[in-house]
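J.: This is start.txt (compact mmCIF, C-alpha atoms).
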# COMPACT_ATOMS: atom_id res chain seq x y z
CA MET K 206 0.00 0.00 0.00
CA ASP K 207 1.26 3.48 -0.87
CA LYS K 208 1.79 6.14 1.80
CA PHE K 209 2.52 9.86 1.73
CA LEU K 210 5.64 11.09 3.49
CA ILE K 211 5.14 14.77 4.35
CA LYS K 212 7.57 17.22 5.96
CA GLY K 213 6.11 20.42 7.37
CA PRO K 214 5.31 23.11 7.90
CA SER K 215 5.06 24.50 4.36
CA THR K 216 3.54 27.66 2.89
CA LEU K 217 1.71 26.94 -0.36
CA LYS K 218 2.20 29.44 -3.19
CA GLY K 219 1.53 29.29 -6.93
CA GLU K 220 -1.15 28.07 -9.34
CA VAL K 221 -3.39 25.00 -9.16
CA LEU K 222 -5.47 23.67 -12.06
CA ILE K 223 -8.62 21.93 -10.83
CA SER K 224 -9.47 18.56 -12.40
CA GLY K 225 -12.85 17.44 -13.68
CA SER K 226 -15.44 16.50 -11.08
CA LYS K 227 -15.46 12.85 -10.04
CA ASN K 228 -18.95 13.21 -8.55
CA ALA K 229 -20.31 14.73 -11.78
CA ALA K 230 -18.45 12.39 -14.14
CA LEU K 231 -19.56 9.11 -12.51
CA PRO K 232 -23.34 9.50 -13.10
CA ILE K 233 -22.70 10.95 -16.58
CA LEU K 234 -20.64 7.86 -17.45
CA ALA K 235 -23.32 5.54 -16.00
CA SER K 236 -25.98 7.28 -18.11
CA THR K 237 -24.09 6.45 -21.34
CA LEU K 238 -25.74 3.00 -21.01
CA LEU K 239 -28.94 4.71 -22.21
CA PHE K 240 -27.42 5.67 -25.60
CA ASP K 241 -27.39 3.78 -28.89
CA LYS K 242 -25.08 6.37 -30.48
CA PRO K 243 -21.50 7.27 -29.49
CA VAL K 244 -20.84 9.68 -26.63
CA VAL K 245 -17.68 11.73 -26.05
CA ILE K 246 -16.94 12.81 -22.46
CA LYS K 247 -14.17 15.39 -21.85
CA ASN K 248 -12.41 16.74 -18.74
CA LEU K 249 -12.49 13.41 -16.92
CA PRO K 250 -10.33 13.31 -13.78
CA ARG K 251 -7.70 10.58 -13.70
CA VAL K 252 -8.77 9.02 -10.42
CA ARG K 253 -9.43 5.48 -9.32
CA ASP K 254 -13.25 5.71 -9.20
CA ILE K 255 -13.37 6.88 -12.83
CA ASN K 256 -11.17 3.95 -13.93
CA THR K 257 -13.45 1.59 -12.02
CA MET K 258 -16.58 3.02 -13.69
CA LEU K 259 -14.99 2.76 -17.15
CA ASN K 260 -14.03 -0.87 -16.44
CA LEU K 261 -17.61 -1.49 -15.29
CA LEU K 262 -18.98 -0.02 -18.54
CA LYS K 263 -16.56 -2.23 -20.53
CA SER K 264 -17.81 -5.29 -18.64
CA LEU K 265 -21.35 -4.29 -19.65
CA GLY K 266 -20.43 -4.23 -23.34
CA SER K 267 -19.45 -0.60 -23.93
CA LYS K 268 -16.48 0.13 -26.18
CA ILE K 269 -14.13 2.70 -24.58
CA GLU K 270 -11.56 4.72 -26.58
CA PHE K 271 -9.15 7.08 -24.78
CA PHE K 272 -7.76 10.45 -25.92
CA ASP K 273 -5.86 13.39 -24.36
CA ASN K 274 -3.99 11.33 -21.75
CA ARG K 275 -7.22 9.53 -20.74
CA LYS K 276 -9.02 12.80 -19.90
CA LYS K 277 -11.34 12.29 -22.89
CA VAL K 278 -13.21 9.11 -23.80
CA ARG K 279 -15.43 7.99 -26.64
CA ILE K 280 -18.01 5.45 -25.51
CA SER K 281 -19.94 3.44 -28.06
CA LYS K 282 -22.36 0.59 -27.72
CA SER K 283 -21.58 -3.00 -28.63
CA LYS K 284 -24.11 -5.10 -30.50
CA LYS K 285 -24.47 -7.37 -27.46
CA PRO K 286 -24.99 -5.31 -24.28
CA LYS K 287 -24.62 -7.21 -21.00
CA TYR K 288 -26.46 -6.62 -17.78
CA PHE K 289 -24.33 -8.24 -15.03
CA ALA K 290 -22.49 -5.71 -12.79
CA SER K 291 -20.08 -7.72 -10.66
CA TYR K 292 -19.09 -7.36 -7.03
CA SER K 293 -15.41 -7.25 -8.02
CA LEU K 294 -16.01 -3.89 -9.73
CA LEU K 295 -18.63 -2.39 -7.41
CA LYS K 296 -17.01 -3.27 -4.07
CA THR K 297 -14.73 -0.19 -4.04
CA MET K 298 -17.15 2.38 -5.43
CA ARG K 299 -20.60 3.43 -4.26
CA ALA K 300 -21.46 5.11 -7.57
CA GLY K 301 -21.45 1.71 -9.29
CA ILE K 302 -25.08 1.28 -8.18
CA LEU K 303 -25.98 4.01 -10.73
CA VAL K 304 -25.81 1.48 -13.58
CA LEU K 305 -28.79 -0.43 -12.15
CA GLY K 306 -31.58 1.91 -13.32
CA PRO K 307 -30.12 2.61 -16.79
CA LEU K 308 -29.67 -1.15 -17.39
CA VAL K 309 -33.28 -1.88 -16.44
CA SER K 310 -34.43 1.13 -18.48
CA LYS K 311 -32.50 0.01 -21.59
CA CYS K 312 -32.40 -3.80 -21.30
CA GLN K 313 -35.42 -4.39 -19.02
CA LYS K 314 -33.19 -6.45 -16.70
CA SER K 315 -30.07 -6.25 -14.55
CA ILE K 316 -28.09 -8.23 -12.00
CA THR K 317 -26.16 -5.66 -9.98
CA SER K 318 -23.98 -6.12 -6.90
CA PHE K 319 -24.44 -4.01 -3.81
CA PRO K 320 -21.89 -1.17 -3.95
CA GLY K 321 -18.89 -0.36 -1.76
CA GLY K 322 -17.03 2.95 -1.28
CA CYS K 323 -16.71 4.99 1.91
CA VAL K 324 -18.74 3.70 4.86
CA LEU K 325 -20.13 6.87 6.44
CA ASN K 326 -23.35 5.97 8.22
CA GLY K 327 -22.24 3.92 11.20
CA ASN K 328 -22.91 0.19 11.12
CA SER K 329 -25.48 0.42 8.36
CA GLY K 330 -23.09 1.68 5.68
CA ARG K 331 -24.78 3.99 3.17
CA PRO K 332 -28.10 2.29 2.44
CA ILE K 333 -29.46 2.23 -1.11
CA ASN K 334 -33.09 1.74 -0.08
CA LEU K 335 -33.94 5.26 -1.35
CA HIS K 336 -32.75 4.19 -4.83
CA LEU K 337 -34.56 0.84 -4.79
CA ASN K 338 -37.86 2.14 -3.40
CA ALA K 339 -37.99 4.95 -5.97
CA LEU K 340 -37.07 2.66 -8.90
CA GLU K 341 -39.79 0.25 -7.77
CA LYS K 342 -42.35 3.06 -8.00
CA ILE K 343 -41.52 3.63 -11.68
CA GLY K 344 -41.91 -0.05 -12.58
CA MET K 345 -38.74 -1.93 -11.57
CA LYS K 346 -39.30 -5.28 -9.85
CA TYR K 347 -36.42 -6.73 -7.86
CA GLU K 348 -35.26 -9.30 -5.35
CA ILE K 349 -31.99 -9.55 -3.43
CA LYS K 350 -29.99 -12.79 -3.50
CA LYS K 351 -26.43 -13.37 -2.26
CA GLY K 352 -25.48 -9.68 -2.31
CA TYR K 353 -26.91 -9.02 -5.78
CA ILE K 354 -29.98 -7.09 -6.89
CA TYR K 355 -31.89 -9.09 -9.52
CA ALA K 356 -34.04 -6.49 -11.28
CA ARG K 357 -36.38 -6.45 -14.26
CA SER K 358 -39.24 -4.52 -15.81
CA LYS K 359 -42.10 -5.31 -18.16
CA GLY K 360 -41.30 -3.03 -21.06
CA ASN K 361 -40.17 0.54 -20.46
CA LEU K 362 -40.19 2.09 -17.00
CA LYS K 363 -43.34 4.15 -16.38
CA GLY K 364 -43.69 7.85 -15.62
CA LYS K 365 -44.93 8.59 -12.12
CA SER K 366 -44.92 11.33 -9.47
CA LEU K 367 -42.91 10.54 -6.36
CA LYS K 368 -41.30 12.33 -3.42
CA PHE K 369 -37.98 11.29 -1.92
CA PRO K 370 -38.36 10.87 1.87
CA SER K 371 -34.98 12.56 2.31
CA ILE K 372 -32.69 14.52 0.00
CA SER K 373 -30.14 12.24 -1.70
CA VAL K 374 -27.73 13.21 -4.49
CA GLY K 375 -27.27 9.62 -5.67
CA ALA K 376 -30.97 8.73 -5.63
CA THR K 377 -31.86 11.95 -7.47
CA GLN K 378 -29.28 11.29 -10.20
CA HIS K 379 -30.33 7.64 -10.43
CA LEU K 380 -34.04 8.40 -10.92
CA ILE K 381 -33.43 11.20 -13.43
CA MET K 382 -31.34 9.01 -15.72
CA SER K 383 -33.63 5.99 -15.25
CA SER K 384 -36.67 8.08 -16.30
CA VAL K 385 -35.21 9.54 -19.51
CA LEU K 386 -36.44 6.66 -21.72
CA SER K 387 -39.65 5.95 -19.77
CA ASP K 388 -43.05 5.86 -21.42
CA GLY K 389 -46.47 7.01 -20.30
CA LYS K 390 -46.99 10.23 -18.39
CA ALA K 391 -44.24 12.48 -17.00
CA THR K 392 -42.07 11.44 -14.08
CA THR K 393 -42.15 14.15 -11.41
CA LEU K 394 -39.48 13.88 -8.71
CA LYS K 395 -39.99 15.97 -5.56
CA ASN K 396 -37.51 16.75 -2.77
CA CYS K 397 -34.59 16.36 -5.19
CA ALA K 398 -30.96 17.16 -4.49
CA ILE K 399 -29.85 20.26 -6.40
CA GLU K 400 -26.07 19.97 -6.08
CA PRO K 401 -24.11 21.30 -9.10
CA GLU K 402 -23.19 17.70 -9.98
CA VAL K 403 -26.92 16.85 -10.32
CA LEU K 404 -27.39 19.85 -12.61
CA ASP K 405 -24.34 18.82 -14.68
CA LEU K 406 -25.96 15.42 -15.28
CA THR K 407 -29.29 16.99 -16.32
CA ASN K 408 -27.45 19.45 -18.58
CA PHE K 409 -25.62 16.55 -20.26
CA LEU K 410 -28.83 14.57 -20.80
CA LYS K 411 -30.78 17.62 -22.05
CA ASN K 412 -28.02 18.36 -24.57
CA ALA K 413 -28.48 14.79 -25.81
CA GLY K 414 -32.20 15.30 -26.34
CA ALA K 415 -33.71 14.29 -22.98
CA ASN K 416 -36.86 16.15 -21.94
CA ILE K 417 -35.96 17.35 -18.42
CA LYS K 418 -37.01 20.54 -16.69
CA TRP K 419 -36.99 21.92 -13.16
CA ILE K 420 -40.48 23.06 -12.22
CA GLY K 421 -39.61 24.14 -8.68
CA LYS K 422 -36.49 24.52 -6.53
CA ARG K 423 -36.37 20.79 -5.70
CA THR K 424 -38.87 19.40 -8.24
CA CYS K 425 -37.72 17.85 -11.51
CA GLN K 426 -39.99 16.69 -14.35
CA ILE K 427 -38.86 14.16 -16.96
CA ILE K 428 -40.92 13.18 -20.00
CA GLY K 429 -39.59 10.05 -21.67
CA VAL K 430 -38.07 10.15 -25.16
CA ASN K 431 -37.51 7.25 -27.57
CA SER K 432 -33.73 7.68 -27.86
CA LEU K 433 -30.81 10.01 -27.10
CA ASN K 434 -28.59 11.79 -29.62
CA GLU K 435 -24.85 11.61 -30.19
CA ILE K 436 -23.10 14.17 -27.95
CA SER K 437 -19.73 15.58 -26.90
CA TYR K 438 -19.71 17.01 -23.37
CA SER K 439 -17.17 18.49 -20.94
CA VAL K 440 -17.58 17.61 -17.24
CA MET K 441 -17.61 20.48 -14.71
CA GLY K 442 -14.61 21.17 -12.43
CA ASP K 443 -14.34 19.44 -9.07
CA ARG K 444 -16.08 21.39 -6.33
CA ILE K 445 -14.49 19.50 -3.41
CA GLU K 446 -10.96 19.61 -4.82
CA THR K 447 -11.43 23.38 -5.20
CA GLY K 448 -12.59 23.68 -1.59
CA THR K 449 -9.67 21.56 -0.40
CA PHE K 450 -7.08 23.83 -2.07
CA CYS K 451 -8.86 26.95 -0.76
CA VAL K 452 -8.52 25.54 2.77
CA ALA K 453 -4.88 24.63 2.06
CA ALA K 454 -4.06 28.25 1.16
CA THR K 455 -5.87 29.59 4.23
CA LEU K 456 -4.28 27.03 6.57
CA THR K 457 -0.67 27.61 5.48
CA LYS K 458 -0.63 31.44 5.15
CA GLY K 459 -0.46 30.59 1.47
CA ASN K 460 -1.14 32.42 -1.79
CA LEU K 461 -2.85 30.32 -4.46
CA LEU K 462 -4.44 31.06 -7.82
CA ILE K 463 -6.94 28.25 -8.33
CA LYS K 464 -8.02 27.78 -11.97
CA GLY K 465 -10.68 25.79 -13.78
CA PHE K 466 -13.69 26.22 -11.50
CA ASP K 467 -16.69 28.58 -11.27
CA PRO K 468 -16.42 30.33 -7.86
CA LYS K 469 -20.20 30.91 -7.70
CA LEU K 470 -20.68 27.19 -6.98
CA ILE K 471 -18.80 27.35 -3.64
CA LYS K 472 -20.10 30.67 -2.31
CA THR K 473 -20.90 29.16 1.13
CA GLU K 474 -17.37 27.79 1.59
CA LEU K 475 -15.70 31.00 0.38
CA ASP K 476 -17.85 33.14 2.70
CA LEU K 477 -16.71 31.01 5.65
CA LEU K 478 -13.05 31.30 4.60
CA LYS K 479 -13.43 35.08 4.48
CA LYS K 480 -14.63 34.92 8.10
CA THR K 481 -11.39 33.15 9.05
CA GLY K 482 -9.43 36.08 7.61
CA ALA K 483 -8.61 34.80 4.12
CA THR K 484 -8.33 37.42 1.36
CA ILE K 485 -10.25 36.24 -1.70
CA ARG K 486 -10.62 37.67 -5.19
CA LEU K 487 -12.94 36.03 -7.69
CA PHE K 488 -12.66 35.88 -11.48
CA LYS K 489 -14.38 33.86 -14.18
CA ASP K 490 -13.32 30.25 -13.48
CA GLN K 491 -10.56 31.41 -11.08
CA ILE K 492 -10.11 32.06 -7.34
CA HIS K 493 -7.15 34.00 -5.90
CA ILE K 494 -6.88 33.23 -2.18
CA LYS K 495 -4.36 34.37 0.45
CA GLY K 496 -4.25 32.94 3.96
CA PRO K 497 -4.24 35.20 7.03
CA LYS K 498 -1.39 35.54 9.54
CA LYS K 499 -3.79 34.44 12.26
CA ILE K 500 -6.81 32.25 11.52
CA LYS K 501 -10.06 33.44 13.12
CA LYS K 502 -12.42 30.86 14.57
CA ILE K 503 -15.90 30.14 13.20
CA SER K 504 -18.13 29.50 16.20
CA HIS K 505 -20.37 26.92 14.56
CA ILE K 506 -20.37 25.16 11.18
CA LYS K 507 -23.28 22.89 10.20
CA THR K 508 -23.20 20.56 7.20
CA LYS K 509 -26.27 20.75 5.00
CA GLU K 510 -27.52 19.93 1.53
CA TYR K 511 -26.54 22.36 -1.26
CA GLY K 512 -26.43 25.54 -0.90
CA GLY K 513 -25.49 24.88 2.70
CA PHE K 514 -22.02 23.80 3.81
CA PRO K 515 -21.02 20.49 2.15
CA THR K 516 -20.23 17.41 4.23
CA ASP K 517 -17.37 16.62 1.80
CA CYS K 518 -15.51 19.75 3.00
CA GLN K 519 -16.17 19.21 6.72
CA PRO K 520 -12.94 17.26 7.50
CA GLN K 521 -10.78 19.90 5.77
CA PHE K 522 -12.48 22.74 7.67
CA MET K 523 -11.99 20.82 10.93
CA VAL K 524 -8.23 20.96 10.31
CA LEU K 525 -8.52 24.71 9.72
CA MET K 526 -10.45 25.19 12.98
CA CYS K 527 -7.71 23.29 14.83
CA LYS K 528 -5.37 26.17 13.88
CA ALA K 529 -7.94 28.94 14.58
CA ASN K 530 -7.72 31.30 17.56
CA GLY K 531 -10.36 29.73 19.82
CA LYS K 532 -13.08 27.14 20.31
CA SER K 533 -15.38 26.19 17.45
CA GLU K 534 -18.03 23.55 16.80
CA ILE K 535 -18.97 21.49 13.76
CA THR K 536 -22.31 19.68 13.50
CA GLU K 537 -22.45 16.86 10.95
CA ASN K 538 -26.01 16.50 9.66
CA ILE K 539 -25.42 14.31 6.57
CA PHE K 540 -23.29 11.26 7.52
CA LYS K 541 -23.22 9.78 11.02
CA SER K 542 -19.63 8.56 10.93
CA ARG K 543 -17.87 11.47 9.27
CA PHE K 544 -15.73 12.27 12.31
CA MET K 545 -13.36 9.31 11.99
CA HIS K 546 -10.54 11.68 10.99
CA ALA K 547 -10.84 13.48 14.36
CA MET K 548 -9.03 10.69 16.23
CA GLU K 549 -6.20 10.73 13.70
CA LEU K 550 -5.93 14.54 13.97
CA GLN K 551 -5.53 14.02 17.73
CA ARG K 552 -2.39 12.01 16.97
CA LEU K 553 -0.98 15.19 15.41
CA GLY K 554 -1.90 17.21 18.51
CA ALA K 555 -5.47 18.36 17.90
CA LYS K 556 -7.85 18.80 20.84
CA ILE K 557 -11.22 17.60 19.56
CA SER K 558 -14.13 16.09 21.49
CA ILE K 559 -17.08 14.37 19.84
CA LYS K 560 -20.59 14.02 21.23
CA ASN K 561 -23.21 12.52 18.95
CA SER K 562 -23.15 14.60 15.73
CA LYS K 563 -21.20 17.54 17.19
CA ALA K 564 -17.43 18.04 17.28
CA THR K 565 -15.89 20.66 19.57
CA ILE K 566 -12.46 21.89 18.49
CA GLU K 567 -10.27 23.76 20.99
CA GLY K 568 -8.15 25.66 18.45
CA ASN K 569 -4.61 27.10 18.70
CA THR K 570 -3.17 23.67 17.88
CA ASN K 571 0.51 23.27 17.10
CA PHE K 572 0.43 20.19 14.90
CA ILE K 573 3.43 17.86 15.41
CA GLY K 574 4.26 15.28 12.74
CA ALA K 575 3.07 11.71 13.38
CA GLU K 576 1.95 8.57 11.57
CA VAL K 577 -1.77 8.65 10.72
CA MET K 578 -4.21 6.53 8.73
CA SER K 579 -6.97 7.55 6.32
CA SER K 580 -10.45 6.16 6.97
CA ASP K 581 -12.20 7.54 3.88
CA LEU K 582 -11.70 9.81 0.87
CA ARG K 583 -12.21 13.25 2.45
CA ALA K 584 -10.53 12.24 5.73
CA SER K 585 -7.40 11.48 3.71
CA ALA K 586 -7.37 15.04 2.32
CA ALA K 587 -7.80 16.47 5.83
CA LEU K 588 -4.86 14.45 7.17
CA ILE K 589 -2.65 15.57 4.27
CA LEU K 590 -3.51 19.23 5.00
CA ALA K 591 -2.77 18.79 8.71
CA ALA K 592 0.55 17.11 7.92
CA ILE K 593 1.55 20.01 5.63
CA ALA K 594 0.84 22.42 8.52
CA ALA K 595 2.58 20.22 11.12
CA LYS K 596 6.12 20.62 12.44
CA GLY K 597 8.20 17.58 11.49
CA THR K 598 7.57 14.48 9.43
CA SER K 599 4.21 12.75 9.04
CA ILE K 600 3.27 9.55 7.28
CA VAL K 601 -0.28 9.26 5.91
CA SER K 602 -1.21 5.65 5.13
CA ARG K 603 -4.11 4.15 3.15
CA VAL K 604 -3.78 6.84 0.48
CA TYR K 605 -5.77 4.64 -1.92
CA HIS K 606 -8.78 6.44 -0.40
CA CYS K 607 -7.33 9.74 -1.63
CA ASP K 608 -6.60 8.26 -5.07
CA ARG K 609 -10.31 7.48 -5.48
CA GLY K 610 -11.17 11.18 -5.70
CA TYR K 611 -8.11 13.45 -6.08
CA GLU K 612 -6.08 13.47 -9.29
CA ASN K 613 -2.30 13.57 -8.66
CA ILE K 614 -2.78 15.38 -5.37
CA GLU K 615 0.85 14.98 -4.33
CA LYS K 616 2.10 16.39 -7.65
CA LYS K 617 -0.23 19.40 -7.40
CA LEU K 618 0.78 20.04 -3.79
CA LYS K 619 4.50 19.62 -4.53
CA LYS K 620 4.23 22.13 -7.37
CA VAL K 621 2.97 24.82 -4.93
CA GLY K 622 5.53 24.15 -2.21
CA ALA K 623 4.47 21.14 -0.15
CA LYS K 624 7.21 18.67 0.82
CA ILE K 625 5.31 15.51 -0.01
CA ARG K 626 6.21 12.27 -1.73
CA ARG K 627 4.58 8.94 -2.33
CA VAL K 628 6.33 5.90 -0.86
CA ASN K 629 5.53 2.18 -0.97
As structure tokens, what does this structure read like?

T.:
Amino acid sequence: MDKFLIKGPSTLKGEVLISGSKNAALPILASTLLFDKPVVIKNLPRVRDINTMLNLLKSLGSKIEFFDNRKKVRISKSKKPKYFASYSLLKTMRAGILVLGPLVSKCQKSITSFPGGCVLNGNSGRPINLHLNALEKIGMKYEIKKGYIYARSKGNLKGKSLKFPSISVGATQHLIMSSVLSDGKATTLKNCAIEPEVLDLTNFLKNAGANIKWIGKRTCQIIGVNSLNEISYSVMGDRIETGTFCVAATLTKGNLLIKGFDPKLIKTELDLLKKTGATIRLFKDQIHIKGPKKIKKISHIKTKEYGGFPTDCQPQFMVLMCKANGKSEITENIFKSRFMHAMELQRLGAKISIKNSKATIEGNTNFIGAEVMSSDLRASAALILAAIAAKGTSIVSRVYHCDRGYENIEKKLKKVGAKIRRVN
């Protein structure tokens, strides 16, 4: 297993180019199963989850051609599509479940493994019952045997009105793409997630001829079409990578010009960073951010669905609050177990106490280098940031979590002044 060896503290200065969004690209790739004609996807990030999804599509009969150092792919359909999505491919990636609906929509059947990925809801993992219950309402029948979902439908999936019992990015994306080829009346989805990655998927599908419109803030209407058109599409920049580098600049008294992302999409995060003392200038697709000499505390941060503060940036902001000038609190409202990084931050010297869904951070921490272990994707980014700010040498293990969602993070960090290298 690879590890990161990091010597700190470092001040990060220079330019960072943001990669394509993993969380936008994965559902877009899954939705290519709906097409008969070729699809070109550009600005793909070179991360492990994308490779896994492309291998999954290959196993389902898609032909994949790579261009531009694998950042662009052409996906075309084979004459014999398959419908078995194996555990070996889905065990490392939660987004693999997103092939289920498109397969049933296109082939009227699917055998799909339960997915893996980060376990962030305590002992229950991240349940997919929201996906299955909603798909059942639009005509999918299924049974679960030996860890696989055996699903089928009689003809096309049927348009219906339904309301998600809770807001879910994955379930929203899944139902939108599964309804694109449905027949009968319109599918109306209420209580939808409206994250930018959801809107990137709907934009992609609409450009290919899907009939999708938003008829309220969280209500989406899809009227089925017979087929989708050939399309070339560029995936949006990565919102969480952008937030991570903004925190890195603020944390290290740094000075970064972050390119390739629309700042309007992370207004909440940038407003919080301004409160800590960061100096921020915004341009079209660029953010210039300078860290303060002394980081001001934020009394209370609460994670929330978009446009609130994103759970995927909570671990990175916890690191920042460790260095702030007083006590702060973070309430995690999305995932029950997204404080696993707190114990590892304590190994570096942080003073953090956890009670239920609330973390209390003492602040004024002098991080000292230590050996730490990643528990999930965003925790790995938080530990890397803390190690860059720490005095001495740190080793961050289990960096395969980081590789699932950050493209060449050590190369990007090294380019702006971090002393980081990958070791076996």

J.: Give me, as JSON lines, each residue of stretch 316-434 of chain K that comes within 10 Å of stretch 231-240 of chain K, together with its shortest interatomic pair and the distance in Å at one decimal, counting only C-alpha atoms, with rows ordered by chain and rising residue number.

T.:
{"residue": "K:Gly375", "atom": "CA", "partner": "K:Pro232", "partner_atom": "CA", "distance": 8.4}
{"residue": "K:Gln378", "atom": "CA", "partner": "K:Pro232", "partner_atom": "CA", "distance": 6.8}
{"residue": "K:His379", "atom": "CA", "partner": "K:Pro232", "partner_atom": "CA", "distance": 7.7}
{"residue": "K:Ile381", "atom": "CA", "partner": "K:Ser236", "partner_atom": "CA", "distance": 9.6}
{"residue": "K:Met382", "atom": "CA", "partner": "K:Ser236", "partner_atom": "CA", "distance": 6.1}
{"residue": "K:Ser383", "atom": "CA", "partner": "K:Ser236", "partner_atom": "CA", "distance": 8.3}
{"residue": "K:Val385", "atom": "CA", "partner": "K:Leu239", "partner_atom": "CA", "distance": 8.4}
{"residue": "K:Leu386", "atom": "CA", "partner": "K:Leu239", "partner_atom": "CA", "distance": 7.8}
{"residue": "K:Glu402", "atom": "CA", "partner": "K:Pro232", "partner_atom": "CA", "distance": 8.8}
{"residue": "K:Val403", "atom": "CA", "partner": "K:Pro232", "partner_atom": "CA", "distance": 8.6}
{"residue": "K:Asp405", "atom": "CA", "partner": "K:Ile233", "partner_atom": "CA", "distance": 8.3}
{"residue": "K:Leu406", "atom": "CA", "partner": "K:Ile233", "partner_atom": "CA", "distance": 5.7}
{"residue": "K:Thr407", "atom": "CA", "partner": "K:Ile233", "partner_atom": "CA", "distance": 8.9}
{"residue": "K:Asn408", "atom": "CA", "partner": "K:Ile233", "partner_atom": "CA", "distance": 9.9}
{"residue": "K:Phe409", "atom": "CA", "partner": "K:Ile233", "partner_atom": "CA", "distance": 7.3}
{"residue": "K:Leu410", "atom": "CA", "partner": "K:Ile233", "partner_atom": "CA", "distance": 8.3}
{"residue": "K:Ala413", "atom": "CA", "partner": "K:Phe240", "partner_atom": "CA", "distance": 9.2}
{"residue": "K:Ser432", "atom": "CA", "partner": "K:Phe240", "partner_atom": "CA", "distance": 7.0}
{"residue": "K:Leu433", "atom": "CA", "partner": "K:Phe240", "partner_atom": "CA", "distance": 5.7}
{"residue": "K:Asn434", "atom": "CA", "partner": "K:Phe240", "partner_atom": "CA", "distance": 7.4}

J.: Starting from the point (-28.2, -2.3, -19.4), work out which residues of protein, DNA or RNA have an atom no more than 8 Å away when counting all atoms listed in the file; state them as a list in words.

T.: Leu238, Leu239, Leu265, Pro286, Lys287, Tyr288, Val304, Leu305, Pro307, Leu308, Val309, Ser310, Lys311, Cys312, Gln313, Lys314 and Ser315 of chain K

J.: For K:Lys617, list every protein, DNA or RNA residue within 10 Å, evaluated using all atoms listed in the file, and leave out those in the same chain fewer than 4 positions away; present the list as a PDB file with C-alpha atoms, keeping the file's coordinate frame.

T.:
ATOM      1  CA  GLU K 220      -1.150  28.070  -9.340  1.00  0.00           C
ATOM      2  CA  VAL K 221      -3.390  25.000  -9.160  1.00  0.00           C
ATOM      3  CA  LEU K 222      -5.470  23.670 -12.060  1.00  0.00           C
ATOM      4  CA  ILE K 223      -8.620  21.930 -10.830  1.00  0.00           C
ATOM      5  CA  PHE K 450      -7.080  23.830  -2.070  1.00  0.00           C
ATOM      6  CA  TYR K 611      -8.110  13.450  -6.080  1.00  0.00           C
ATOM      7  CA  GLU K 612      -6.080  13.470  -9.290  1.00  0.00           C
ATOM      8  CA  ASN K 613      -2.300  13.570  -8.660  1.00  0.00           C
ATOM      9  CA  VAL K 621       2.970  24.820  -4.930  1.00  0.00           C
ATOM     10  CA  GLY K 622       5.530  24.150  -2.210  1.00  0.00           C
ATOM     11  CA  ALA K 623       4.470  21.140  -0.150  1.00  0.00           C
TER      12      ALA K 623
END

J.: I want to know what sits within 10 Å of K:Val604, based on all atoms listed in the file, with residues of the same chain fewer than 3 positions away left out; could you give that as a PDB file with C-alpha atoms, in the coordinates of the input?

T.:
ATOM      1  CA  MET K 206       0.000   0.000   0.000  1.00  0.00           C
ATOM      2  CA  ASP K 207       1.260   3.480  -0.870  1.00  0.00           C
ATOM      3  CA  LYS K 208       1.790   6.140   1.800  1.00  0.00           C
ATOM      4  CA  PHE K 209       2.520   9.860   1.730  1.00  0.00           C
ATOM      5  CA  MET K 578      -4.210   6.530   8.730  1.00  0.00           C
ATOM      6  CA  SER K 579      -6.970   7.550   6.320  1.00  0.00           C
ATOM      7  CA  SER K 580     -10.450   6.160   6.970  1.00  0.00           C
ATOM      8  CA  ASP K 581     -12.200   7.540   3.880  1.00  0.00           C
ATOM      9  CA  LEU K 582     -11.700   9.810   0.870  1.00  0.00           C
ATOM     10  CA  SER K 585      -7.400  11.480   3.710  1.00  0.00           C
ATOM     11  CA  ALA K 586      -7.370  15.040   2.320  1.00  0.00           C
ATOM     12  CA  ILE K 589      -2.650  15.570   4.270  1.00  0.00           C
ATOM     13  CA  VAL K 601      -0.280   9.260   5.910  1.00  0.00           C
ATOM     14  CA  CYS K 607      -7.330   9.740  -1.630  1.00  0.00           C
ATOM     15  CA  ASP K 608      -6.600   8.260  -5.070  1.00  0.00           C
ATOM     16  CA  ARG K 609     -10.310   7.480  -5.480  1.00  0.00           C
ATOM     17  CA  ARG K 627       4.580   8.940  -2.330  1.00  0.00           C
TER      18      ARG K 627
END

J.: If you measure from atom CA of K:Thr598 to atom CA of K:Asn569, what distance in Å do you get, rounded to one decimal?

T.: 19.8 Å

J.: Can you pull out the residues contacting K:Arg626? Cut-off 8 Å, using all atoms listed in the file, and skip same-chain residues under 5 positions away; I want them as number ranges by chain.

T.: K: 209-211, 615

J.: So what do you get for atom CA of K:Ile500 versus atom CA of K:Val577, distance-wise?

T.: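 Those two atoms sit 24.1 Å apart.
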